[in-house]
file my_file29.cif (mmCIF, C-alpha atoms and all ligand atoms)
data_run
#
loop_
_atom_site.group_PDB
_atom_site.id
_atom_site.type_symbol
_atom_site.label_atom_id
_atom_site.label_comp_id
_atom_site.auth_asym_id
_atom_site.auth_seq_id
_atom_site.Cartn_x
_atom_site.Cartn_y
_atom_site.Cartn_z
ATOM 1 C CA MET A 1 -18.571 -2.948 12.266
ATOM 2 C CA ARG A 2 -14.860 -3.062 13.025
ATOM 3 C CA LEU A 3 -14.159 0.502 11.847
ATOM 4 C CA ALA A 4 -17.402 2.199 12.857
ATOM 5 C CA ASN A 5 -17.147 5.995 12.498
ATOM 6 C CA LYS A 6 -13.423 5.903 11.749
ATOM 7 C CA VAL A 7 -11.974 7.936 8.913
ATOM 8 C CA ALA A 8 -9.398 6.278 6.662
ATOM 9 C CA ILE A 9 -7.203 7.406 3.795
ATOM 10 C CA VAL A 10 -6.155 4.675 1.371
ATOM 11 C CA THR A 11 -3.540 5.520 -1.261
ATOM 12 C CA GLY A 12 -3.240 3.613 -4.508
ATOM 13 C CA ALA A 13 -6.958 2.996 -4.020
ATOM 14 C CA ALA A 14 -8.183 3.065 -7.620
ATOM 15 C CA ARG A 15 -7.494 -0.631 -8.179
ATOM 16 C CA GLY A 16 -5.882 -3.748 -6.757
ATOM 17 C CA ILE A 17 -5.099 -4.022 -3.050
ATOM 18 C CA GLY A 18 -6.019 -0.400 -2.309
ATOM 19 C CA LEU A 19 -9.479 -0.678 -3.860
ATOM 20 C CA ALA A 20 -10.152 -3.981 -2.057
ATOM 21 C CA ALA A 21 -9.117 -2.373 1.254
ATOM 22 C CA ALA A 22 -11.247 0.719 0.633
ATOM 23 C CA GLN A 23 -14.253 -1.510 -0.081
ATOM 24 C CA LEU A 24 -13.700 -3.567 3.049
ATOM 25 C CA PHE A 25 -13.120 -0.508 5.265
ATOM 26 C CA LEU A 26 -16.406 0.950 3.967
ATOM 27 C CA GLN A 27 -18.252 -2.308 4.699
ATOM 28 C CA GLU A 28 -16.857 -2.157 8.238
ATOM 29 C CA GLY A 29 -18.308 1.299 8.863
ATOM 30 C CA ALA A 30 -15.425 3.643 7.995
ATOM 31 C CA HIS A 31 -15.577 6.836 5.979
ATOM 32 C CA VAL A 32 -12.906 6.344 3.316
ATOM 33 C CA VAL A 33 -10.912 8.734 1.158
ATOM 34 C CA LEU A 34 -9.607 6.940 -1.900
ATOM 35 C CA ALA A 35 -6.482 8.583 -3.295
ATOM 36 C CA ASP A 36 -4.737 7.718 -6.530
ATOM 37 C CA VAL A 37 -2.747 9.376 -9.289
ATOM 38 C CA ASP A 38 -4.873 7.700 -11.981
ATOM 39 C CA MET A 39 -7.971 9.900 -12.348
ATOM 40 C CA ALA A 40 -9.735 7.630 -14.861
ATOM 41 C CA ALA A 41 -9.365 4.552 -12.648
ATOM 42 C CA LEU A 42 -10.466 6.593 -9.635
ATOM 43 C CA ARG A 43 -13.671 7.545 -11.489
ATOM 44 C CA GLU A 44 -14.351 3.858 -12.165
ATOM 45 C CA ALA A 45 -13.859 3.124 -8.472
ATOM 46 C CA GLU A 46 -16.282 5.949 -7.647
ATOM 47 C CA HIS A 47 -18.847 4.389 -9.966
ATOM 48 C CA GLN A 48 -18.343 0.997 -8.313
ATOM 49 C CA LEU A 49 -18.680 2.350 -4.756
ATOM 50 C CA ALA A 50 -21.516 4.812 -5.475
ATOM 51 C CA GLY A 51 -23.694 5.628 -2.482
ATOM 52 C CA GLN A 52 -21.099 4.769 0.147
ATOM 53 C CA SER A 53 -19.383 7.154 2.564
ATOM 54 C CA ALA A 54 -16.341 7.758 0.379
ATOM 55 C CA ALA A 55 -14.458 10.660 -1.169
ATOM 56 C CA TYR A 56 -12.086 10.520 -4.120
ATOM 57 C CA VAL A 57 -8.924 12.576 -4.442
ATOM 58 C CA CYS A 58 -6.541 12.556 -7.378
ATOM 59 C CA ALA A 59 -3.100 12.930 -5.816
ATOM 60 C CA ASP A 60 0.476 11.908 -6.500
ATOM 61 C CA VAL A 61 1.851 10.700 -3.168
ATOM 62 C CA ALA A 62 5.339 11.874 -4.125
ATOM 63 C CA ASP A 63 4.160 15.507 -4.379
ATOM 64 C CA ASN A 64 4.157 17.411 -1.085
ATOM 65 C CA ASN A 65 1.443 19.921 -2.060
ATOM 66 C CA GLN A 66 -0.866 17.238 -3.437
ATOM 67 C CA VAL A 67 -0.488 15.134 -0.294
ATOM 68 C CA LYS A 68 -1.179 18.145 1.932
ATOM 69 C CA ALA A 69 -4.313 18.862 -0.144
ATOM 70 C CA LEU A 70 -5.364 15.196 0.211
ATOM 71 C CA VAL A 71 -5.200 15.378 3.998
ATOM 72 C CA ASP A 72 -6.891 18.808 4.090
ATOM 73 C CA LYS A 73 -9.747 17.480 1.916
ATOM 74 C CA THR A 74 -10.113 14.452 4.204
ATOM 75 C CA ILE A 75 -10.483 16.659 7.271
ATOM 76 C CA ALA A 76 -12.900 18.976 5.450
ATOM 77 C CA ALA A 77 -15.032 16.021 4.301
ATOM 78 C CA PHE A 78 -15.075 13.860 7.444
ATOM 79 C CA GLY A 79 -13.722 15.981 10.323
ATOM 80 C CA GLY A 80 -10.770 13.802 11.438
ATOM 81 C CA LEU A 81 -8.448 10.939 10.584
ATOM 82 C CA HIS A 82 -7.854 7.571 12.291
ATOM 83 C CA VAL A 83 -6.341 5.240 9.693
ATOM 84 C CA LEU A 84 -3.723 5.859 7.025
ATOM 85 C CA PHE A 85 -3.087 3.021 4.588
ATOM 86 C CA CYS A 86 0.038 3.933 2.566
ATOM 87 C CA ASN A 87 -0.300 1.511 -0.298
ATOM 88 C CA ALA A 88 0.386 3.389 -3.565
ATOM 89 C CA GLY A 89 3.214 1.920 -5.556
ATOM 90 C CA ILE A 90 4.741 1.012 -8.888
ATOM 91 C CA GLY A 91 6.786 -2.034 -9.803
ATOM 92 C CA GLY A 92 9.432 -0.110 -11.690
ATOM 93 C CA HIS A 93 11.164 -1.468 -14.758
ATOM 94 C CA SER A 94 13.082 -4.744 -14.853
ATOM 95 C CA HIS A 95 16.829 -4.210 -15.162
ATOM 96 C CA PHE A 96 19.920 -5.706 -13.618
ATOM 97 C CA PHE A 97 21.289 -3.185 -11.133
ATOM 98 C CA TRP A 98 24.229 -2.296 -13.349
ATOM 99 C CA ASP A 99 21.805 -1.252 -16.104
ATOM 100 C CA TYR A 100 19.186 0.414 -13.871
ATOM 101 C CA PRO A 101 18.392 3.927 -15.227
ATOM 102 C CA GLU A 102 18.935 6.609 -12.586
ATOM 103 C CA ALA A 103 15.618 8.347 -13.278
ATOM 104 C CA ASP A 104 13.691 5.066 -12.845
ATOM 105 C CA PHE A 105 15.535 4.307 -9.624
ATOM 106 C CA GLU A 106 14.666 7.735 -8.243
ATOM 107 C CA GLN A 107 11.016 7.446 -9.271
ATOM 108 C CA VAL A 108 10.550 4.115 -7.470
ATOM 109 C CA LEU A 109 12.186 5.454 -4.297
ATOM 110 C CA ASP A 110 10.209 8.692 -4.540
ATOM 111 C CA ILE A 111 6.804 7.053 -4.783
ATOM 112 C CA HIS A 112 7.328 4.335 -2.188
ATOM 113 C CA VAL A 113 9.582 5.939 0.391
ATOM 114 C CA LYS A 114 9.173 9.707 0.056
ATOM 115 C CA GLY A 115 5.489 9.273 -0.816
ATOM 116 C CA THR A 116 4.836 7.195 2.302
ATOM 117 C CA TRP A 117 6.730 9.652 4.502
ATOM 118 C CA LEU A 118 4.825 12.644 3.035
ATOM 119 C CA CYS A 119 1.460 10.974 3.699
ATOM 120 C CA MET A 120 2.506 10.162 7.269
ATOM 121 C CA LYS A 121 3.921 13.648 7.849
ATOM 122 C CA HIS A 122 0.687 15.404 6.852
ATOM 123 C CA ALA A 123 -1.567 12.817 8.498
ATOM 124 C CA MET A 124 0.256 12.721 11.843
ATOM 125 C CA PRO A 125 -1.103 15.981 13.369
ATOM 126 C CA HIS A 126 -4.609 14.548 12.885
ATOM 127 C CA LEU A 127 -3.830 10.942 13.882
ATOM 128 C CA MET A 128 -2.170 12.066 17.113
ATOM 129 C CA LYS A 129 -5.327 13.875 18.289
ATOM 130 C CA GLN A 130 -6.964 10.599 19.333
ATOM 131 C CA GLY A 131 -4.516 7.897 18.219
ATOM 132 C CA GLY A 132 -4.608 5.896 15.028
ATOM 133 C CA SER A 133 -3.083 3.275 12.803
ATOM 134 C CA ILE A 134 -0.642 3.604 9.919
ATOM 135 C CA ILE A 135 -0.367 0.599 7.634
ATOM 136 C CA ILE A 136 2.328 0.540 4.968
ATOM 137 C CA THR A 137 2.416 -1.890 2.069
ATOM 138 C CA SER A 138 5.901 -3.284 1.761
ATOM 139 C CA SER A 139 6.409 -6.659 0.028
ATOM 140 C CA VAL A 140 8.290 -9.934 0.267
ATOM 141 C CA ALA A 141 10.799 -7.815 -1.674
ATOM 142 C CA GLY A 142 11.112 -5.825 1.567
ATOM 143 C CA LYS A 143 12.557 -8.962 3.189
ATOM 144 C CA LEU A 144 14.390 -10.582 0.259
ATOM 145 C CA GLY A 145 16.348 -9.454 -2.782
ATOM 146 C CA MET A 146 14.498 -9.169 -6.079
ATOM 147 C CA PRO A 147 16.390 -9.988 -9.269
ATOM 148 C CA LYS A 148 16.021 -7.103 -11.778
ATOM 149 C CA GLY A 149 14.144 -5.119 -9.142
ATOM 150 C CA MET A 150 16.789 -3.494 -6.974
ATOM 151 C CA ALA A 151 15.005 -0.146 -6.719
ATOM 152 C CA TYR A 152 11.751 -1.848 -5.706
ATOM 153 C CA SER A 153 13.470 -4.092 -3.173
ATOM 154 C CA ALA A 154 15.459 -1.174 -1.735
ATOM 155 C CA ALA A 155 12.284 0.899 -1.417
ATOM 156 C CA LYS A 156 10.316 -1.914 0.211
ATOM 157 C CA HIS A 157 13.149 -2.607 2.696
ATOM 158 C CA ALA A 158 13.303 1.125 3.490
ATOM 159 C CA LEU A 159 9.609 1.088 4.409
ATOM 160 C CA VAL A 160 10.387 -1.217 7.337
ATOM 161 C CA GLY A 161 12.637 1.508 8.773
ATOM 162 C CA VAL A 162 9.948 4.094 8.084
ATOM 163 C CA ALA A 163 7.314 2.052 9.945
ATOM 164 C CA GLN A 164 9.537 1.075 12.856
ATOM 165 C CA THR A 165 10.639 4.679 13.417
ATOM 166 C CA ALA A 166 7.025 5.845 13.226
ATOM 167 C CA ALA A 167 6.037 3.103 15.700
ATOM 168 C CA ILE A 168 8.560 4.408 18.231
ATOM 169 C CA GLU A 169 7.844 8.106 17.672
ATOM 170 C CA GLY A 170 4.066 7.627 17.456
ATOM 171 C CA ALA A 171 3.634 5.371 20.491
ATOM 172 C CA ARG A 172 3.202 8.144 23.063
ATOM 173 C CA TYR A 173 0.381 9.567 20.923
ATOM 174 C CA GLY A 174 -1.374 6.217 20.507
ATOM 175 C CA VAL A 175 -0.362 6.054 16.852
ATOM 176 C CA ARG A 176 0.676 2.587 15.687
ATOM 177 C CA ALA A 177 2.604 1.786 12.498
ATOM 178 C CA ASN A 178 3.081 -1.584 10.804
ATOM 179 C CA THR A 179 4.243 -2.929 7.457
ATOM 180 C CA ILE A 180 2.486 -5.654 5.548
ATOM 181 C CA HIS A 181 4.510 -7.838 3.187
ATOM 182 C CA PRO A 182 2.500 -9.441 0.408
ATOM 183 C CA GLY A 183 3.919 -12.074 -1.890
ATOM 184 C CA PRO A 184 2.577 -12.186 -5.458
ATOM 185 C CA ILE A 185 -1.013 -10.933 -5.411
ATOM 186 C CA GLU A 186 -3.517 -11.217 -8.255
ATOM 187 C CA THR A 187 -3.503 -7.556 -9.421
ATOM 188 C CA ASP A 188 -2.271 -5.586 -12.450
ATOM 189 C CA MET A 189 1.136 -5.195 -10.813
ATOM 190 C CA VAL A 190 1.911 -8.908 -10.771
ATOM 191 C CA ARG A 191 1.463 -9.056 -14.565
ATOM 192 C CA MET A 192 4.501 -6.774 -14.880
ATOM 193 C CA LEU A 193 6.466 -9.018 -12.535
ATOM 194 C CA GLU A 194 5.601 -12.094 -14.608
ATOM 195 C CA ALA A 195 6.593 -10.309 -17.823
ATOM 196 C CA GLY A 196 9.866 -9.183 -16.212
ATOM 197 C CA LEU A 197 10.690 -12.771 -15.182
ATOM 198 C CA SER A 198 9.823 -14.288 -18.513
ATOM 199 C CA PRO A 199 9.433 -11.600 -21.219
ATOM 200 C CA LYS A 200 8.632 -14.070 -24.016
ATOM 201 C CA ASP A 201 6.148 -16.145 -22.027
ATOM 202 C CA PRO A 202 4.612 -14.428 -18.978
ATOM 203 C CA LEU A 203 2.691 -17.634 -18.135
ATOM 204 C CA GLN A 204 6.025 -19.311 -17.549
ATOM 205 C CA GLY A 205 6.855 -16.420 -15.194
ATOM 206 C CA ARG A 206 3.625 -17.104 -13.317
ATOM 207 C CA ASP A 207 4.438 -20.788 -13.104
ATOM 208 C CA ARG A 208 7.846 -20.011 -11.600
ATOM 209 C CA LEU A 209 6.341 -17.621 -9.091
ATOM 210 C CA GLU A 210 3.617 -20.064 -8.016
ATOM 211 C CA LYS A 211 6.157 -22.850 -7.552
ATOM 212 C CA SER A 212 8.100 -20.599 -5.152
ATOM 213 C CA ILE A 213 5.047 -20.313 -2.853
ATOM 214 C CA PRO A 214 4.397 -23.180 -0.400
ATOM 215 C CA LEU A 215 0.616 -22.637 -0.701
ATOM 216 C CA ARG A 216 1.121 -22.843 -4.514
ATOM 217 C CA ARG A 217 -1.026 -19.879 -5.519
ATOM 218 C CA TYR A 218 -1.041 -16.111 -5.630
ATOM 219 C CA GLY A 219 -2.885 -14.235 -2.902
ATOM 220 C CA THR A 220 -5.922 -12.086 -3.618
ATOM 221 C CA ALA A 221 -6.340 -8.367 -3.023
ATOM 222 C CA GLN A 222 -9.196 -9.230 -0.649
ATOM 223 C CA GLU A 223 -6.914 -11.396 1.482
ATOM 224 C CA VAL A 224 -4.437 -8.533 1.832
ATOM 225 C CA ALA A 225 -7.312 -6.164 2.602
ATOM 226 C CA GLN A 226 -8.347 -8.437 5.512
ATOM 227 C CA LEU A 227 -4.891 -8.056 7.049
ATOM 228 C CA ALA A 228 -5.007 -4.273 6.563
ATOM 229 C CA LEU A 229 -8.440 -4.232 8.221
ATOM 230 C CA PHE A 230 -7.130 -6.104 11.257
ATOM 231 C CA LEU A 231 -4.208 -3.659 11.605
ATOM 232 C CA ALA A 232 -6.559 -0.691 11.113
ATOM 233 C CA SER A 233 -8.985 -1.904 13.771
ATOM 234 C CA ASP A 234 -8.722 -1.820 17.560
ATOM 235 C CA GLU A 235 -8.305 -5.609 17.559
ATOM 236 C CA SER A 236 -4.617 -4.952 16.840
ATOM 237 C CA ARG A 237 -4.257 -2.279 19.528
ATOM 238 C CA TYR A 238 -1.086 -3.872 21.003
ATOM 239 C CA ILE A 239 0.595 -4.429 17.622
ATOM 240 C CA THR A 240 3.015 -1.795 16.393
ATOM 241 C CA GLY A 241 6.376 -1.775 14.615
ATOM 242 C CA GLY A 242 5.600 -5.205 13.209
ATOM 243 C CA GLN A 243 6.289 -6.765 9.829
ATOM 244 C CA HIS A 244 3.352 -8.903 8.764
ATOM 245 C CA MET A 245 3.939 -11.435 6.020
ATOM 246 C CA ILE A 246 1.026 -12.353 3.749
ATOM 247 C CA ASP A 247 2.776 -14.487 1.177
ATOM 248 C CA GLY A 248 1.497 -18.080 1.238
ATOM 249 C CA GLY A 249 4.716 -19.031 3.021
ATOM 250 C CA ARG A 250 7.040 -17.590 0.339
ATOM 251 C CA THR A 251 9.527 -16.251 2.912
ATOM 252 C CA ALA A 252 9.360 -19.426 5.037
ATOM 253 C CA TRP A 253 11.434 -21.473 2.577
HETATM 254 N N1 LIG B 301 0.537 -7.231 -6.567
HETATM 255 C C1 LIG B 301 1.567 -7.761 -5.948
HETATM 256 O O1 LIG B 301 1.995 -8.876 -6.279
HETATM 257 C C2 LIG B 301 2.233 -7.024 -4.825
HETATM 258 C C3 LIG B 301 3.122 -7.741 -4.010
HETATM 259 C C4 LIG B 301 3.754 -7.084 -2.953
HETATM 260 C C5 LIG B 301 3.507 -5.746 -2.729
HETATM 261 N N2 LIG B 301 2.652 -5.073 -3.547
HETATM 262 C C6 LIG B 301 2.442 -3.659 -3.248
HETATM 263 O O2 LIG B 301 1.068 -3.458 -3.029
HETATM 264 C C7 LIG B 301 0.726 -2.101 -3.299
HETATM 265 C C8 LIG B 301 -0.493 -2.075 -4.180
HETATM 266 O O3 LIG B 301 -0.177 -2.734 -5.389
HETATM 267 P P1 LIG B 301 -1.255 -3.494 -6.308
HETATM 268 O O4 LIG B 301 -0.774 -4.859 -6.480
HETATM 269 O O5 LIG B 301 -2.621 -3.218 -5.831
HETATM 270 O O6 LIG B 301 -0.925 -2.724 -7.665
HETATM 271 P P2 LIG B 301 -1.840 -1.917 -8.688
HETATM 272 O O7 LIG B 301 -0.929 -1.539 -9.790
HETATM 273 O O8 LIG B 301 -3.066 -2.716 -8.989
HETATM 274 O O9 LIG B 301 -2.272 -0.623 -7.843
HETATM 275 C C9 LIG B 301 -1.368 0.372 -7.478
HETATM 276 C C10 LIG B 301 -2.089 1.699 -7.498
HETATM 277 O O10 LIG B 301 -1.173 2.713 -7.038
HETATM 278 C C11 LIG B 301 -1.397 3.867 -7.830
HETATM 279 N N3 LIG B 301 -0.221 4.740 -7.817
HETATM 280 C C12 LIG B 301 0.964 4.517 -8.427
HETATM 281 N N4 LIG B 301 1.777 5.567 -8.239
HETATM 282 C C13 LIG B 301 1.095 6.469 -7.497
HETATM 283 C C14 LIG B 301 1.399 7.754 -6.967
HETATM 284 N N5 LIG B 301 2.580 8.328 -7.220
HETATM 285 N N6 LIG B 301 0.469 8.389 -6.242
HETATM 286 C C15 LIG B 301 -0.740 7.828 -6.009
HETATM 287 N N7 LIG B 301 -1.089 6.617 -6.483
HETATM 288 C C16 LIG B 301 -0.175 5.944 -7.217
HETATM 289 C C17 LIG B 301 -1.678 3.327 -9.218
HETATM 290 O O11 LIG B 301 -2.312 4.283 -10.056
HETATM 291 C C18 LIG B 301 -2.549 2.125 -8.893
HETATM 292 O O12 LIG B 301 -3.914 2.446 -8.905
HETATM 293 C C19 LIG B 301 1.985 -1.486 -3.928
HETATM 294 O O13 LIG B 301 2.682 -0.753 -2.960
HETATM 295 C C20 LIG B 301 2.785 -2.699 -4.352
HETATM 296 O O14 LIG B 301 4.163 -2.418 -4.417
HETATM 297 C C21 LIG B 301 2.005 -5.687 -4.573
#
call {"tool": "encode", "arguments": {"input": "my_file29.cif", "output": "structure tokens"}}
result
Amino acid sequence: MRLANKVAIVTGAARGIGLAAAQLFLQEGAHVVLADVDMAALREAEHQLAGQSAAYVCADVADNNQVKALVDKTIAAFGGLHVLFCNAGIGGHSHFFWDYPEADFEQVLDIHVKGTWLCMKHAMPHLMKQGGSIIITSSVAGKLGMPKGMAYSAAKHALVGVAQTAAIEGARYGVRANTIHPGPIETDMVRMLEAGLSPKDPLQGRDRLEKSIPLRRYGTAQEVAQLALFLASDESRYITGGQHMIDGGRTAW
């Protein structure tokens, strides 16, 4: 039980990486609050995880009041907070930067960067009581450029600065902060990436993506969840401010 009696919030937890992490954290003894903006998907997750020590909160991470309510509900349900997994995200639309609509650009930055900061801001008074771990999902696009995805790449790069600053400011309170950087992962989001790369034939997009990965396959949500678990647990107690690639070697080329 690597997270016995710890309380964790996972955002973007209704599907994909967030749901896999919530499931794994529960298996490892944590009480988990699953937060997502998609109420219907959250209900499905609730059905799937029935009987476990979990709570479900519909919240938009980019909305200050909703994030505050999420943290308040977590404390009311489980009495504290030890782990914050800031994972909610959207891919954004595919456009060259000179065509990128301003509203879309702002939405991507809002959800990833402002949303992550808001979750950290409201969680911090509780994390600092006994120490804790903040894990932020960046991407290989937080290390490299992403054709037709400037907003996404900018947001994912910004999250490195968010995590590193939190690592420095949180250290004296025993609060660690790290980014994880997945390459293509087998979730709904990667379908949009494939379609953006090759609108007429998404399978061709997949083929191109797989060929760019030394291990020649996408990762799974469960594999990313394992990394999040390690960073959430005390096994990683000396690791903070780090950028952890989980990309089958994509950024090693
Ligand atoms: N799948 C990949 O290939 C990949 C690669 C690198 C990074 N990532 C990142 O991993 C994270 C999880 O993505 P995924 O692949 O599981 O995608 P996903 O689309 O399966 O899940 C993302 C979840 O975030 C939720 N969400 C979106 N906006 C939200 C908001 N404003 N407030 C609360 N919840 C919101 C969605 O409803 C969804 O349930 C994202 O940050 C994504 O950018 C994914």
call {"tool": "residues_near_ligand", "arguments": {"input": "my_file29.cif", "ligand": "ligand LIG 301 (chain B)", "cutoff": "7 Å", "atoms": "all atoms listed in the file", "output": "PDB file with C-alpha atoms, in the frame of the given file"}}
result
ATOM      1  CA  THR A  11      -3.540   5.520  -1.261  1.00  0.00           C
ATOM      2  CA  GLY A  12      -3.240   3.613  -4.508  1.00  0.00           C
ATOM      3  CA  ALA A  13      -6.958   2.996  -4.020  1.00  0.00           C
ATOM      4  CA  ALA A  14      -8.183   3.065  -7.620  1.00  0.00           C
ATOM      5  CA  ARG A  15      -7.494  -0.631  -8.179  1.00  0.00           C
ATOM      6  CA  GLY A  16      -5.882  -3.748  -6.757  1.00  0.00           C
ATOM      7  CA  ILE A  17      -5.099  -4.022  -3.050  1.00  0.00           C
ATOM      8  CA  GLY A  18      -6.019  -0.400  -2.309  1.00  0.00           C
ATOM      9  CA  ALA A  35      -6.482   8.583  -3.295  1.00  0.00           C
ATOM     10  CA  ASP A  36      -4.737   7.718  -6.530  1.00  0.00           C
ATOM     11  CA  VAL A  37      -2.747   9.376  -9.289  1.00  0.00           C
ATOM     12  CA  ASP A  38      -4.873   7.700 -11.981  1.00  0.00           C
ATOM     13  CA  ALA A  41      -9.365   4.552 -12.648  1.00  0.00           C
ATOM     14  CA  ALA A  59      -3.100  12.930  -5.816  1.00  0.00           C
ATOM     15  CA  ASP A  60       0.476  11.908  -6.500  1.00  0.00           C
ATOM     16  CA  VAL A  61       1.851  10.700  -3.168  1.00  0.00           C
ATOM     17  CA  ALA A  62       5.339  11.874  -4.125  1.00  0.00           C
ATOM     18  CA  ASN A  87      -0.300   1.511  -0.298  1.00  0.00           C
ATOM     19  CA  ALA A  88       0.386   3.389  -3.565  1.00  0.00           C
ATOM     20  CA  GLY A  89       3.214   1.920  -5.556  1.00  0.00           C
ATOM     21  CA  ILE A  90       4.741   1.012  -8.888  1.00  0.00           C
ATOM     22  CA  GLY A  91       6.786  -2.034  -9.803  1.00  0.00           C
ATOM     23  CA  ILE A 111       6.804   7.053  -4.783  1.00  0.00           C
ATOM     24  CA  HIS A 112       7.328   4.335  -2.188  1.00  0.00           C
ATOM     25  CA  THR A 137       2.416  -1.890   2.069  1.00  0.00           C
ATOM     26  CA  SER A 138       5.901  -3.284   1.761  1.00  0.00           C
ATOM     27  CA  SER A 139       6.409  -6.659   0.028  1.00  0.00           C
ATOM     28  CA  VAL A 140       8.290  -9.934   0.267  1.00  0.00           C
ATOM     29  CA  HIS A 181       4.510  -7.838   3.187  1.00  0.00           C
ATOM     30  CA  PRO A 182       2.500  -9.441   0.408  1.00  0.00           C
ATOM     31  CA  GLY A 183       3.919 -12.074  -1.890  1.00  0.00           C
ATOM     32  CA  PRO A 184       2.577 -12.186  -5.458  1.00  0.00           C
ATOM     33  CA  ILE A 185      -1.013 -10.933  -5.411  1.00  0.00           C
ATOM     34  CA  GLU A 186      -3.517 -11.217  -8.255  1.00  0.00           C
ATOM     35  CA  THR A 187      -3.503  -7.556  -9.421  1.00  0.00           C
ATOM     36  CA  ASP A 188      -2.271  -5.586 -12.450  1.00  0.00           C
ATOM     37  CA  MET A 189       1.136  -5.195 -10.813  1.00  0.00           C
ATOM     38  CA  VAL A 190       1.911  -8.908 -10.771  1.00  0.00           C
ATOM     39  CA  ALA A 221      -6.340  -8.367  -3.023  1.00  0.00           C
TER      40      ALA A 221
END
call {"tool": "atom_distance", "arguments": {"input": "my_file29.cif", "atom1": "CA of Cys58 (chain A)", "atom2": "CA of Ala228 (chain A)"}}
result
21.9 Å
call {"tool": "residues_around", "arguments": {"input": "my_file29.cif", "residues": "Asp63 (chain A)", "least_positions_apart": "5", "cutoff": "10 Å", "atoms": "all atoms listed in the file", "output": "PyMOL selection string"}}
result
chain A and resi 68+110-111+114-115+118-119
call {"tool": "closest_residue", "arguments": {"input": "my_file29.cif", "among": "A:Leu127, A:Val162, A:Ala69, A:Ala50", "to": "Lys6 (chain A)", "atoms": "only C-alpha atoms"}}
result
A:Leu127
call {"tool": "closest_residue", "arguments": {"input": "my_file29.cif", "among": "A:Pro199, A:Ile9, A:Thr240, A:Asp207", "to": "Val160 (chain A)", "atoms": "only C-alpha atoms"}}
result
A:Thr240
call {"tool": "closest_residue", "arguments": {"input": "my_file29.cif", "among": "A:Gly161, A:Met39, A:Gln48, A:Ala141", "to": "Asp247 (chain A)", "atoms": "only C-alpha atoms"}}
result
A:Ala141
call {"tool": "atom_distance", "arguments": {"input": "my_file29.cif", "atom1": "CA of Glu210 (chain A)", "atom2": "CA of His244 (chain A)"}}
result
20.2 Å
call {"tool": "closest_residue", "arguments": {"input": "my_file29.cif", "among": "A:Ala252, A:Val10, A:Ala154, A:Ile213", "to": "Ile134 (chain A)", "atoms": "all atoms listed in the file"}}
result
A:Val10
call {"tool": "residues_around", "arguments": {"input": "my_file29.cif", "residues": "region 171-180 of chain A", "least_positions_apart": "3", "cutoff": "10 Å", "atoms": "all atoms listed in the file", "output": "PyMOL selection string"}}
result
chain A and resi 82-87+120+124+127-140+142+156+159-168+183+224+227-228+231-232+236-247
call {"tool": "atom_distance", "arguments": {"input": "my_file29.cif", "atom1": "CA of Arg217 (chain A)", "atom2": "CA of Phe25 (chain A)"}}
result
25.3 Å
call {"tool": "residues_around", "arguments": {"input": "my_file29.cif", "residues": "Ala22 (chain A)", "least_positions_apart": "6", "cutoff": "9 Å", "atoms": "only C-alpha atoms", "output": "NGL selection string"}}
result
:A and (8-10 or 13 or 30 or 32-34 or 54 or 225)
call {"tool": "resolve_selection", "arguments": {"input": "my_file29.cif", "expression": "the PyMOL selection byres (((chain A and resi 151) around 8) and not hetatm)", "output": "list in words"}}
result
Gly92, Phe105, Val108, Leu109, Gly149, Met150, Tyr152, Ser153, Ala154 and Ala155 of chain A
call {"tool": "write_last_selection", "arguments": {"input": "my_file29.cif", "atoms": "C-alpha atoms", "output": "PDB file, keeping the file's coordinate frame"}}
result
ATOM      1  CA  GLY A  92       9.432  -0.110 -11.690  1.00  0.00           C
ATOM      2  CA  PHE A 105      15.535   4.307  -9.624  1.00  0.00           C
ATOM      3  CA  VAL A 108      10.550   4.115  -7.470  1.00  0.00           C
ATOM      4  CA  LEU A 109      12.186   5.454  -4.297  1.00  0.00           C
ATOM      5  CA  GLY A 149      14.144  -5.119  -9.142  1.00  0.00           C
ATOM      6  CA  MET A 150      16.789  -3.494  -6.974  1.00  0.00           C
ATOM      7  CA  TYR A 152      11.751  -1.848  -5.706  1.00  0.00           C
ATOM      8  CA  SER A 153      13.470  -4.092  -3.173  1.00  0.00           C
ATOM      9  CA  ALA A 154      15.459  -1.174  -1.735  1.00  0.00           C
ATOM     10  CA  ALA A 155      12.284   0.899  -1.417  1.00  0.00           C
TER      11      ALA A 155
END
call {"tool": "axis_aligned_box", "arguments": {"input": "my_file29.cif", "around": "region 185-200 of chain A", "padding_each_side": "6 Å", "output": "AutoDock Vina command-line options"}}
result
--center_x 3.6 --center_y -9.7 --center_z -14.7 --size_x 26.2 --size_y 21.1 --size_z 30.6
call {"tool": "resolve_selection", "arguments": {"input": "my_file29.cif", "expression": "the PyMOL selection byres (((chain A and resi 2) around 8) and not hetatm)", "output": "list in words"}}
result
Met1, Leu3, Ala4, Glu28, Gly29, Ser233 and Asp234 of chain A
call {"tool": "closest_residue", "arguments": {"input": "my_file29.cif", "among": "A:Ala20, A:Leu215, A:Ala123, A:Met192", "to": "Gly80 (chain A)", "atoms": "only C-alpha atoms"}}
result
A:Ala123
call {"tool": "residues_around", "arguments": {"input": "my_file29.cif", "residues": "Gly79 (chain A)", "least_positions_apart": "4", "cutoff": "10 Å", "atoms": "all atoms listed in the file", "output": "MDAnalysis selection string"}}
result
chainID A and resid 7 72:75 126
call {"tool": "closest_residue", "arguments": {"input": "my_file29.cif", "among": "A:Leu209, A:Leu229, A:Val71, A:Ala103", "to": "Arg250 (chain A)", "atoms": "all atoms listed in the file"}}
result
A:Leu209
